[in-house]
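> The structure's right below; bear with me while I get my questions together.
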Amino acid sequence: MKKAVGLLLCIGLLGCEQQNNDVSEVQAAPKKVANSIPQFNEATAKQNLVFIKDQYLKMIDHVDNNEHLHFANGCTESDMVCFPRAEEHGEIFMEKAKKWTNGFYPGLLWKLLSANQQIDGFTPAEQEKIFNKAKHYQMALMPETLRGSTHDLGFILYDSFGEALNYDGLSAADRALYQQALATGRDTLATRFSTDHGLIESWDWVPSLPVHYLENGKVIREEKALAEPFTFPVIVDNMMNLEYMLSSQKPAHHVIALSHAKQTYLNHYFYTADDVNKEFPIAYHLYDYDTKLPGNWQGVGNISAWARGQGWSLYGFVTVVEALKLNSSDNSSYMSLPDFEQHIDKSINSIVKLLDGEVIPYWDYFATLPNAAEIAADQDPATVRYSRILDLCDIEISDQILPYVGYAPIKIAKDILAEETLAELATMTSAYNEPFIQGDYVFPCGSAPYKTKATHIPRDTSAAALYASALYRLAEFTEAGPLRDKAVTLADKIMLELTENYLTSKNKAKDYQLGFVLAEATGNLPNASEINTSIVYADFYFLEANMRKLALAKKK
């Protein structure tokens, strides 16, 4: 049912094994050998922890002094607590309440506190400053425990309240309060579980087409209706909720998590045309479980390889397998489950193959393929058809950014849009001073080729940091020696590259001055949001990966 999306260059498994052997030989070599290959080790991880601590103390000062801040709409209200999220326009973007990213900032602060013994020079005064700030933002998230309109409670609650519980300096009263918040949030999240589908529904909102049109000489943006929007969407990010549910004391929550994992395993992956043996699963970003159609809200096209989506998939299944191993005696009473650990092994192989010798992924692995423009324009009826990339106009993004090879205006089939939308567009002029409707197609971004000379396809350090943390975590509990070695080897390569070339200290530009840690993360490129910038959740997973590297070293 799926159309071919382009050939990928394959890294043969024998080549990967040879590479692993080479690394093992280097690690076994004497430390003082001249011109030895750099390694990511415990000393480097500890240096990174110091840098992260210093950067976020810097960010705390900026926020406290109300300097270099760019506020989201609504953040100026007196009772609104807004959260540092990303660098935007050379300032710290302060996000309003009820956003999926808001748990990462306090979560990162709690992580620093729980790692205090491993951070050299972490003074009591610094710890107190971070503790007070973490508590302040944590309390602002308390209303989220009852917000059943979102599936993002794992990110919002477990990555903040859950991280707080790892800090041994928490008072008994705060610990009890946070445990109750997590319990309430789990019950809230459980209301999104459909017994008919066996999954936690991701979104309640209805997708729409954003159009940019001219009115009195000004460009106006407005959302327009689609003909057949998805009705039970599940995105791969939802795998990150499962650890939250599996940490519950209620068996019903475990059933929800394992059922969601099983259905995701069965339905949420595709294989490239050259992968005839289906050895390298690639996660769709989105799957509509009502129509049984795949797609992407993020990614180059409806069937593409969004880099961070592969990370949500990998990390999510790692947490599931870890929980199953910790509670092996209870598993048989739930349901028959696939071999999730084998799926993880294949997913790692897939990431290695997609990286194709690189270490830090492009925001979507298919963005650099020769036929990327064809992938972006795909409106195959065997998919949900509409993808946000279809209407990403060049007026929305920086002149330096190239979303994918062959980036060009895309024509959209008229039957994708609702009749009322077509009637409205027939009377409007696009921002490109053309009719939206031309013949049998709609042209959201005009019909003429873009004049861009950009060559920079963004990478995503948030995906890389997420991979590394998941891989180290896997290595901590897996009993399969080859899988452990493969995970650590890839994680070490990623972390070495991030440390040497992607820390904000490299160029000491505005992102460094603001207090961020990693440069060149990409949040939501099809929505023209957070492209090639610093983002808090990239720093969160980078911090976690460094901590897991140290934890893994202790187990040797």
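Going through the structure tokens in order, the chains are called A, B, and so on, while each chain numbers its residues from 1 and the ligands are numbered from 1 in the order shown.
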Tell me, as a VMD selection string, which residues lie within 8 Å of Ile156 (chain A), counting only C-alpha atoms; anything in the same chain fewer than 2 positions away does not count.
chain A and resid 100 to 104 141 144 152 to 154 158 to 160
> Would you output that residue set with N, CA, C and O atoms, as a CSV table (one decimal), in the first residue's frame?

chain,number,residue,atom,x,y,z
A,100,TRP,N,3.3,21.3,25.8
A,100,TRP,CA,3.9,20.0,26.1
A,100,TRP,C,5.4,20.1,26.6
A,100,TRP,O,5.8,19.2,27.2
A,101,THR,N,6.0,21.2,26.3
A,101,THR,CA,7.4,21.3,26.7
A,101,THR,C,7.7,21.8,28.1
A,101,THR,O,8.8,21.8,28.6
A,102,ASN,N,6.6,22.2,28.8
A,102,ASN,CA,6.8,22.9,30.1
A,102,ASN,C,7.4,22.1,31.2
A,102,ASN,O,7.9,22.6,32.2
A,103,GLY,N,7.4,20.8,31.1
A,103,GLY,CA,8.0,20.0,32.2
A,103,GLY,C,9.5,19.9,32.1
A,103,GLY,O,10.1,19.5,33.1
A,104,PHE,N,10.0,20.2,31.0
A,104,PHE,CA,11.5,20.0,30.8
A,104,PHE,C,12.3,20.9,31.6
A,104,PHE,O,13.4,20.5,32.1
A,141,LEU,N,2.9,23.7,37.6
A,141,LEU,CA,2.4,22.6,36.8
A,141,LEU,C,1.3,21.8,37.5
A,141,LEU,O,0.7,20.9,36.8
A,144,GLU,N,-1.9,20.9,35.7
A,144,GLU,CA,-1.8,20.0,34.6
A,144,GLU,C,-2.2,18.6,34.9
A,144,GLU,O,-2.6,17.8,34.0
A,152,ASP,N,0.1,14.7,26.5
A,152,ASP,CA,1.4,15.0,26.8
A,152,ASP,C,1.8,15.0,28.3
A,152,ASP,O,2.8,15.6,28.7
A,153,LEU,N,1.0,14.4,29.1
A,153,LEU,CA,1.2,14.4,30.5
A,153,LEU,C,2.5,13.7,31.0
A,153,LEU,O,3.1,14.0,32.0
A,154,GLY,N,2.9,12.7,30.2
A,154,GLY,CA,4.2,12.1,30.5
A,154,GLY,C,5.3,13.1,30.4
A,154,GLY,O,6.2,13.2,31.3
A,158,TYR,N,5.7,13.6,34.3
A,158,TYR,CA,6.7,12.6,34.7
A,158,TYR,C,8.1,13.2,34.6
A,158,TYR,O,9.0,12.8,35.4
A,159,ASP,N,8.3,14.0,33.6
A,159,ASP,CA,9.7,14.6,33.4
A,159,ASP,C,9.9,15.8,34.3
A,159,ASP,O,10.9,16.4,34.2
A,160,SER,N,9.0,16.1,35.2
A,160,SER,CA,9.2,17.1,36.2
A,160,SER,C,9.0,16.6,37.6
A,160,SER,O,9.9,16.4,38.4
> Pick out the residues sitting within 7 Å of region 464-476 of chain A, and hand them over as a CSV table (one decimal) with N, CA, C and O atoms, in the first residue's frame; count only C-alpha atoms, and ignore anything fewer than 2 positions along from it in its own chain.

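Generated file (part.csv):
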chain,number,residue,atom,x,y,z
A,311,GLY,N,13.6,8.6,17.7
A,311,GLY,CA,14.1,8.7,19.1
A,311,GLY,C,12.9,8.4,20.1
A,311,GLY,O,13.1,7.7,21.0
A,314,LEU,N,12.4,4.7,19.9
A,314,LEU,CA,13.4,3.9,20.6
A,314,LEU,C,13.3,4.0,22.1
A,314,LEU,O,13.3,3.0,22.8
A,315,TYR,N,13.3,5.3,22.5
A,315,TYR,CA,13.3,5.5,24.0
A,315,TYR,C,12.1,4.9,24.6
A,315,TYR,O,12.1,4.3,25.7
A,318,VAL,N,12.4,1.2,25.0
A,318,VAL,CA,13.4,0.9,26.0
A,318,VAL,C,12.8,0.9,27.4
A,318,VAL,O,13.0,0.0,28.2
A,360,ILE,N,25.1,13.0,13.9
A,360,ILE,CA,24.0,13.9,14.3
A,360,ILE,C,23.0,13.9,13.1
A,360,ILE,O,23.4,14.3,12.0
A,361,PRO,N,21.8,13.5,13.3
A,361,PRO,CA,20.9,13.4,12.2
A,361,PRO,C,20.4,14.7,11.6
A,361,PRO,O,20.3,15.7,12.4
A,460,ASP,N,19.3,18.0,13.9
A,460,ASP,CA,18.5,18.0,15.2
A,460,ASP,C,19.3,17.4,16.3
A,460,ASP,O,19.3,16.1,16.4
A,461,THR,N,19.9,18.2,17.1
A,461,THR,CA,20.7,17.7,18.2
A,461,THR,C,19.8,17.2,19.3
A,461,THR,O,20.2,16.3,20.2
A,462,SER,N,18.5,17.6,19.4
A,462,SER,CA,17.6,17.0,20.4
A,462,SER,C,17.4,15.5,20.1
A,462,SER,O,17.3,14.7,21.0
A,478,THR,N,20.0,-4.4,29.7
A,478,THR,CA,19.9,-5.5,28.8
A,478,THR,C,20.9,-6.6,29.1
A,478,THR,O,22.1,-6.3,29.5
A,484,ARG,N,24.1,-4.6,24.0
A,484,ARG,CA,24.7,-3.6,24.9
A,484,ARG,C,25.9,-2.9,24.3
A,484,ARG,O,26.0,-1.7,24.3
A,487,ALA,N,24.8,-0.5,21.6
A,487,ALA,CA,24.2,0.6,22.1
A,487,ALA,C,25.2,1.6,22.7
A,487,ALA,O,25.2,2.8,22.4
A,488,VAL,N,26.2,1.1,23.4
A,488,VAL,CA,27.2,2.0,24.0
A,488,VAL,C,28.1,2.6,23.0
A,488,VAL,O,28.4,3.8,23.0
A,491,ALA,N,26.1,5.4,21.3
A,491,ALA,CA,25.9,6.5,22.2
A,491,ALA,C,27.1,7.3,22.4
A,491,ALA,O,27.1,8.5,22.5
A,494,ILE,N,27.8,9.5,19.5
A,494,ILE,CA,26.9,10.7,19.5
A,494,ILE,C,27.4,11.7,20.5
A,494,ILE,O,27.5,12.9,20.2
A,495,MET,N,27.7,11.3,21.7
A,495,MET,CA,28.0,12.2,22.8
A,495,MET,C,29.3,12.9,22.6
A,495,MET,O,29.5,14.1,22.9
A,538,ALA,N,16.3,19.5,24.3
A,538,ALA,CA,17.5,19.0,23.8
A,538,ALA,C,18.6,18.9,25.0
A,538,ALA,O,19.3,17.9,25.2
A,541,TYR,N,17.7,16.0,27.6
A,541,TYR,CA,18.2,14.7,27.2
A,541,TYR,C,19.7,14.6,27.1
A,541,TYR,O,20.3,13.5,27.4
A,542,PHE,N,20.4,15.7,26.8
A,542,PHE,CA,21.8,15.7,26.9
A,542,PHE,C,22.3,15.5,28.3
A,542,PHE,O,23.2,14.8,28.6
A,544,GLU,N,20.6,14.1,30.7
A,544,GLU,CA,20.3,12.8,31.1
A,544,GLU,C,21.3,11.8,30.5
A,544,GLU,O,21.7,10.8,31.2
A,545,ALA,N,21.7,12.0,29.3
A,545,ALA,CA,22.7,11.0,28.7
A,545,ALA,C,24.0,11.1,29.4
A,545,ALA,O,24.6,10.0,29.6
A,548,ARG,N,23.5,9.1,32.6
A,548,ARG,CA,23.5,7.7,32.4
A,548,ARG,C,24.8,7.1,32.0
A,548,ARG,O,25.1,6.0,32.3
A,549,LYS,N,25.6,7.9,31.3
A,549,LYS,CA,27.0,7.4,31.0
A,549,LYS,C,27.7,7.2,32.3
A,549,LYS,O,28.4,6.2,32.5
A,552,LEU,N,26.3,4.1,34.1
A,552,LEU,CA,26.8,2.9,33.4
A,552,LEU,C,28.2,2.6,33.8
A,552,LEU,O,28.6,1.4,34.0
> Name the closest residue to Tyr105 (chain A) among the candidates A:Glu88, A:Glu497, A:Glu479, A:Glu163; distances are taken between atoms, counting only C-alpha atoms.
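Once distances to Tyr105 (chain A) are computed over only C-alpha atoms, the minimum belongs to A:Glu163.
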> Would you please work out which residue, of A:Val359, A:Leu525, A:Leu49, A:Met94, is nearest to Asn73 (chain A) when using only C-alpha atoms?
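Under the stated criterion, the closest residue is A:Met94.
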> With DSSP run on the backbone, what are the alpha helix (DSSP H) residues within region 59-306 of chain A? I'd like them as a PyMOL selection string.
chain A and resi 59-64+104-114+124-140+153+161-164+172-190+242-246+251-267
> Got time to write the residues from that selection, C-alpha atoms, as a short mmCIF file (atom, residue, chain, number, x, y, z; two decimals), in the first residue's frame?

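Here's the written file result.cif:
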data_model
loop_
_atom_site.label_atom_id
_atom_site.label_comp_id
_atom_site.auth_asym_id
_atom_site.auth_seq_id
_atom_site.Cartn_x
_atom_site.Cartn_y
_atom_site.Cartn_z
CA MET A 59 19.49 31.27 32.46
CA ILE A 60 17.92 31.53 35.92
CA ASP A 61 19.57 34.93 36.36
CA HIS A 62 18.26 36.15 33.01
CA VAL A 63 14.72 35.10 33.89
CA ASP A 64 14.92 36.56 37.40
CA PHE A 104 11.47 19.95 30.79
CA TYR A 105 12.77 23.13 32.45
CA PRO A 106 11.96 22.17 36.05
CA GLY A 107 12.84 18.58 35.18
CA LEU A 108 16.31 19.62 34.08
CA LEU A 109 16.79 21.61 37.29
CA TRP A 110 15.77 18.58 39.39
CA LYS A 111 18.17 16.43 37.39
CA LEU A 112 21.02 18.77 38.23
CA LEU A 113 20.13 18.60 41.90
CA SER A 114 19.94 14.80 41.91
CA PRO A 124 25.38 24.94 48.42
CA ALA A 125 24.32 28.44 47.34
CA GLU A 126 24.01 27.30 43.71
CA GLN A 127 22.04 24.26 44.75
CA GLU A 128 19.67 26.37 46.81
CA LYS A 129 19.09 28.75 43.89
CA ILE A 130 18.28 25.87 41.54
CA PHE A 131 16.11 24.16 44.17
CA ASN A 132 13.99 27.25 44.75
CA LYS A 133 13.50 27.77 41.04
CA ALA A 134 12.62 24.10 40.47
CA LYS A 135 9.97 24.21 43.22
CA HIS A 136 8.50 27.43 41.83
CA TYR A 137 8.00 25.99 38.36
CA GLN A 138 6.89 22.64 39.73
CA MET A 139 3.96 24.17 41.58
CA ALA A 140 2.93 26.00 38.41
CA LEU A 153 1.19 14.40 30.55
CA PHE A 161 7.45 15.69 39.24
CA GLY A 162 9.06 12.34 38.47
CA GLU A 163 12.51 13.91 38.28
CA ALA A 164 11.89 15.72 41.56
CA ALA A 172 8.73 14.40 53.08
CA ALA A 173 5.83 16.82 52.54
CA ASP A 174 6.95 17.77 49.03
CA ARG A 175 7.61 14.13 48.19
CA ALA A 176 4.08 13.15 49.22
CA LEU A 177 2.62 16.10 47.30
CA TYR A 178 4.52 15.23 44.12
CA GLN A 179 3.66 11.53 44.37
CA GLN A 180 0.00 12.45 44.62
CA ALA A 181 0.32 14.79 41.63
CA LEU A 182 1.76 11.95 39.57
CA ALA A 183 -1.01 9.58 40.68
CA THR A 184 -3.69 12.10 39.76
CA GLY A 185 -2.05 12.71 36.40
CA ARG A 186 -1.97 8.99 35.61
CA ASP A 187 -5.69 8.70 36.26
CA THR A 188 -6.25 11.71 34.03
CA LEU A 189 -4.15 10.27 31.24
CA ALA A 190 -6.00 6.95 31.51
CA LEU A 242 4.35 4.55 28.83
CA GLU A 243 7.10 4.75 31.44
CA TYR A 244 4.84 7.11 33.38
CA MET A 245 1.98 4.60 33.32
CA LEU A 246 4.21 1.60 34.02
CA PRO A 251 -2.26 -2.85 37.25
CA ALA A 252 -4.88 -1.16 35.04
CA HIS A 253 -2.32 1.48 34.13
CA HIS A 254 0.17 -1.24 33.19
CA VAL A 255 -2.41 -2.81 30.88
CA ILE A 256 -2.95 0.55 29.17
CA ALA A 257 0.78 1.02 28.62
CA LEU A 258 1.43 -2.49 27.32
CA SER A 259 -1.60 -2.42 25.04
CA HIS A 260 -0.45 0.90 23.59
CA ALA A 261 3.05 -0.48 23.05
CA LYS A 262 1.68 -3.59 21.35
CA GLN A 263 -0.57 -1.66 18.96
CA THR A 264 2.23 0.78 18.16
CA TYR A 265 4.54 -2.14 17.39
CA LEU A 266 1.96 -3.69 15.10
CA ASN A 267 0.89 -0.62 13.15
#
> Rank A:Ala307, A:Ile200, A:Ala43, A:Leu146 by their smallest atom-to-atom distance to Ala283 (chain A), using only C-alpha atoms, and report the top residue only.
A:Ala307
> Distance CA of Glu374 (chain A)-CA of Leu425 (chain A), one decimal place?
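Separation of CA of Glu374 (chain A) and CA of Leu425 (chain A): 25.0 Å.
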> Show which residues sit within 7 Å of Ile344 (chain A), as a list of chain:residue names. Count only C-alpha atoms, and ignore same-chain residues fewer than 3 positions away.
A:Leu314, A:Phe317, A:Phe340, A:Glu341, A:Ser347, A:Ile348
> DSSP on the backbone: what in region 235-323 of chain A comes out strand (DSSP E or B), as a list in words?
Ile235, Tyr269, Phe270, Ile282, Ala283, Leu286, Tyr287, Asp288, Leu293, Pro294, Gly295 and Trp306 of chain A
> Include all heavy atoms and write out the residues we just selected as an mmCIF file, in the first residue's frame.

data_model
loop_
_atom_site.group_PDB
_atom_site.id
_atom_site.type_symbol
_atom_site.label_atom_id
_atom_site.label_comp_id
_atom_site.auth_asym_id
_atom_site.auth_seq_id
_atom_site.Cartn_x
_atom_site.Cartn_y
_atom_site.Cartn_z
ATOM 1 N N ILE A 235 0.382 9.647 17.763
ATOM 2 C CA ILE A 235 1.713 9.990 17.280
ATOM 3 C C ILE A 235 2.749 9.203 18.071
ATOM 4 O O ILE A 235 2.513 8.795 19.211
ATOM 5 C CB ILE A 235 1.992 11.509 17.356
ATOM 6 C CG1 ILE A 235 1.875 12.034 18.783
ATOM 7 C CG2 ILE A 235 1.053 12.265 16.429
ATOM 8 C CD1 ILE A 235 2.287 13.501 18.930
ATOM 9 N N TYR A 269 4.912 1.323 11.876
ATOM 10 C CA TYR A 269 6.227 1.276 11.229
ATOM 11 C C TYR A 269 6.104 0.897 9.761
ATOM 12 O O TYR A 269 5.179 0.197 9.352
ATOM 13 C CB TYR A 269 7.147 0.289 11.969
ATOM 14 C CG TYR A 269 7.367 0.725 13.386
ATOM 15 C CD1 TYR A 269 6.470 0.367 14.380
ATOM 16 C CD2 TYR A 269 8.419 1.581 13.709
ATOM 17 C CE1 TYR A 269 6.620 0.826 15.679
ATOM 18 C CE2 TYR A 269 8.569 2.042 15.003
ATOM 19 C CZ TYR A 269 7.669 1.678 15.980
ATOM 20 O OH TYR A 269 7.809 2.153 17.248
ATOM 21 N N PHE A 270 7.051 1.380 8.973
ATOM 22 C CA PHE A 270 7.127 0.995 7.571
ATOM 23 C C PHE A 270 8.569 0.658 7.229
ATOM 24 O O PHE A 270 9.480 0.822 8.045
ATOM 25 C CB PHE A 270 6.582 2.112 6.659
ATOM 26 C CG PHE A 270 7.472 3.327 6.546
ATOM 27 C CD1 PHE A 270 8.379 3.461 5.493
ATOM 28 C CD2 PHE A 270 7.394 4.363 7.474
ATOM 29 C CE1 PHE A 270 9.193 4.577 5.384
ATOM 30 C CE2 PHE A 270 8.204 5.480 7.364
ATOM 31 C CZ PHE A 270 9.104 5.589 6.318
ATOM 32 N N ILE A 282 11.013 1.869 10.396
ATOM 33 C CA ILE A 282 11.010 3.329 10.488
ATOM 34 C C ILE A 282 9.645 3.760 11.002
ATOM 35 O O ILE A 282 8.611 3.357 10.463
ATOM 36 C CB ILE A 282 11.297 3.984 9.123
ATOM 37 C CG1 ILE A 282 12.677 3.565 8.619
ATOM 38 C CG2 ILE A 282 11.207 5.497 9.218
ATOM 39 C CD1 ILE A 282 12.993 4.041 7.209
ATOM 40 N N ALA A 283 9.616 4.572 12.043
ATOM 41 C CA ALA A 283 8.359 4.983 12.662
ATOM 42 C C ALA A 283 7.705 6.109 11.864
ATOM 43 O O ALA A 283 8.343 7.106 11.538
ATOM 44 C CB ALA A 283 8.604 5.447 14.100
ATOM 45 N N LEU A 286 2.702 9.779 12.633
ATOM 46 C CA LEU A 286 1.287 9.723 12.974
ATOM 47 C C LEU A 286 0.629 8.520 12.318
ATOM 48 O O LEU A 286 0.993 8.128 11.204
ATOM 49 C CB LEU A 286 0.621 11.024 12.516
ATOM 50 C CG LEU A 286 -0.882 11.197 12.710
ATOM 51 C CD1 LEU A 286 -1.194 12.663 12.990
ATOM 52 C CD2 LEU A 286 -1.672 10.751 11.470
ATOM 53 N N TYR A 287 -0.360 7.952 13.017
ATOM 54 C CA TYR A 287 -1.180 6.899 12.441
ATOM 55 C C TYR A 287 -2.609 7.141 12.918
ATOM 56 O O TYR A 287 -2.849 7.341 14.116
ATOM 57 C CB TYR A 287 -0.692 5.520 12.884
ATOM 58 C CG TYR A 287 -1.284 4.374 12.107
ATOM 59 C CD1 TYR A 287 -0.656 3.903 10.952
ATOM 60 C CD2 TYR A 287 -2.470 3.764 12.500
ATOM 61 C CE1 TYR A 287 -1.192 2.848 10.226
ATOM 62 C CE2 TYR A 287 -3.011 2.717 11.781
ATOM 63 C CZ TYR A 287 -2.374 2.257 10.636
ATOM 64 O OH TYR A 287 -2.910 1.214 9.914
ATOM 65 N N ASP A 288 -3.549 7.163 11.964
ATOM 66 C CA ASP A 288 -4.965 7.341 12.305
ATOM 67 C C ASP A 288 -5.576 5.956 12.487
ATOM 68 O O ASP A 288 -5.776 5.221 11.518
ATOM 69 C CB ASP A 288 -5.676 8.123 11.195
ATOM 70 C CG ASP A 288 -7.128 8.410 11.539
ATOM 71 O OD1 ASP A 288 -7.571 8.021 12.645
ATOM 72 O OD2 ASP A 288 -7.839 9.021 10.714
ATOM 73 N N LEU A 293 -4.821 4.589 8.441
ATOM 74 C CA LEU A 293 -3.937 5.244 7.481
ATOM 75 C C LEU A 293 -2.771 5.900 8.194
ATOM 76 O O LEU A 293 -2.950 6.554 9.226
ATOM 77 C CB LEU A 293 -4.707 6.298 6.676
ATOM 78 C CG LEU A 293 -5.820 5.791 5.758
ATOM 79 C CD1 LEU A 293 -6.543 6.965 5.113
ATOM 80 C CD2 LEU A 293 -5.264 4.851 4.689
ATOM 81 N N PRO A 294 -1.557 5.755 7.645
ATOM 82 C CA PRO A 294 -0.371 6.385 8.236
ATOM 83 C C PRO A 294 -0.169 7.799 7.702
ATOM 84 O O PRO A 294 -0.766 8.198 6.691
ATOM 85 C CB PRO A 294 0.760 5.478 7.766
ATOM 86 C CG PRO A 294 0.306 5.060 6.390
ATOM 87 C CD PRO A 294 -1.186 4.909 6.488
ATOM 88 N N GLY A 295 0.691 8.538 8.373
ATOM 89 C CA GLY A 295 1.042 9.864 7.890
ATOM 90 C C GLY A 295 2.075 10.510 8.788
ATOM 91 O O GLY A 295 2.627 9.882 9.691
ATOM 92 N N TRP A 306 11.263 11.065 10.143
ATOM 93 C CA TRP A 306 11.496 12.191 11.051
ATOM 94 C C TRP A 306 12.447 11.740 12.154
ATOM 95 O O TRP A 306 12.191 10.773 12.857
ATOM 96 C CB TRP A 306 10.161 12.658 11.621
ATOM 97 C CG TRP A 306 10.253 13.759 12.616
ATOM 98 C CD1 TRP A 306 11.004 14.898 12.530
ATOM 99 C CD2 TRP A 306 9.564 13.831 13.872
ATOM 100 N NE1 TRP A 306 10.818 15.670 13.656
ATOM 101 C CE2 TRP A 306 9.946 15.042 14.489
ATOM 102 C CE3 TRP A 306 8.650 12.994 14.519
ATOM 103 C CZ2 TRP A 306 9.448 15.434 15.735
ATOM 104 C CZ3 TRP A 306 8.156 13.378 15.754
ATOM 105 C CH2 TRP A 306 8.552 14.589 16.351
#
> What does the distance between CA of Ala367 (chain A) and CA of Val405 (chain A) come to in Å, to one decimal place?
6.1 Å
> Determine the nearest neighbour of Ile416 (chain A) from the options A:Leu157, A:Ala227, A:Leu170, A:Ala382, counting only C-alpha atoms.
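Comparing A:Leu157, A:Ala227, A:Leu170, A:Ala382 against Ile416 (chain A), the winner is A:Ala227.
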> Nearest residue to Tyr432 (chain A) out of A:Ile535, A:Leu324, A:Ala553, A:Val211, using only C-alpha atoms?
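With only C-alpha atoms as the atom set, the closest residue is A:Val211.
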> Just checking: using only C-alpha atoms, which residue out of A:Gly446, A:Gly299, A:Pro482, A:Pro338 ends up closest to Gly523 (chain A)?
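Distance minimum relative to Gly523 (chain A) lands on A:Gly299.
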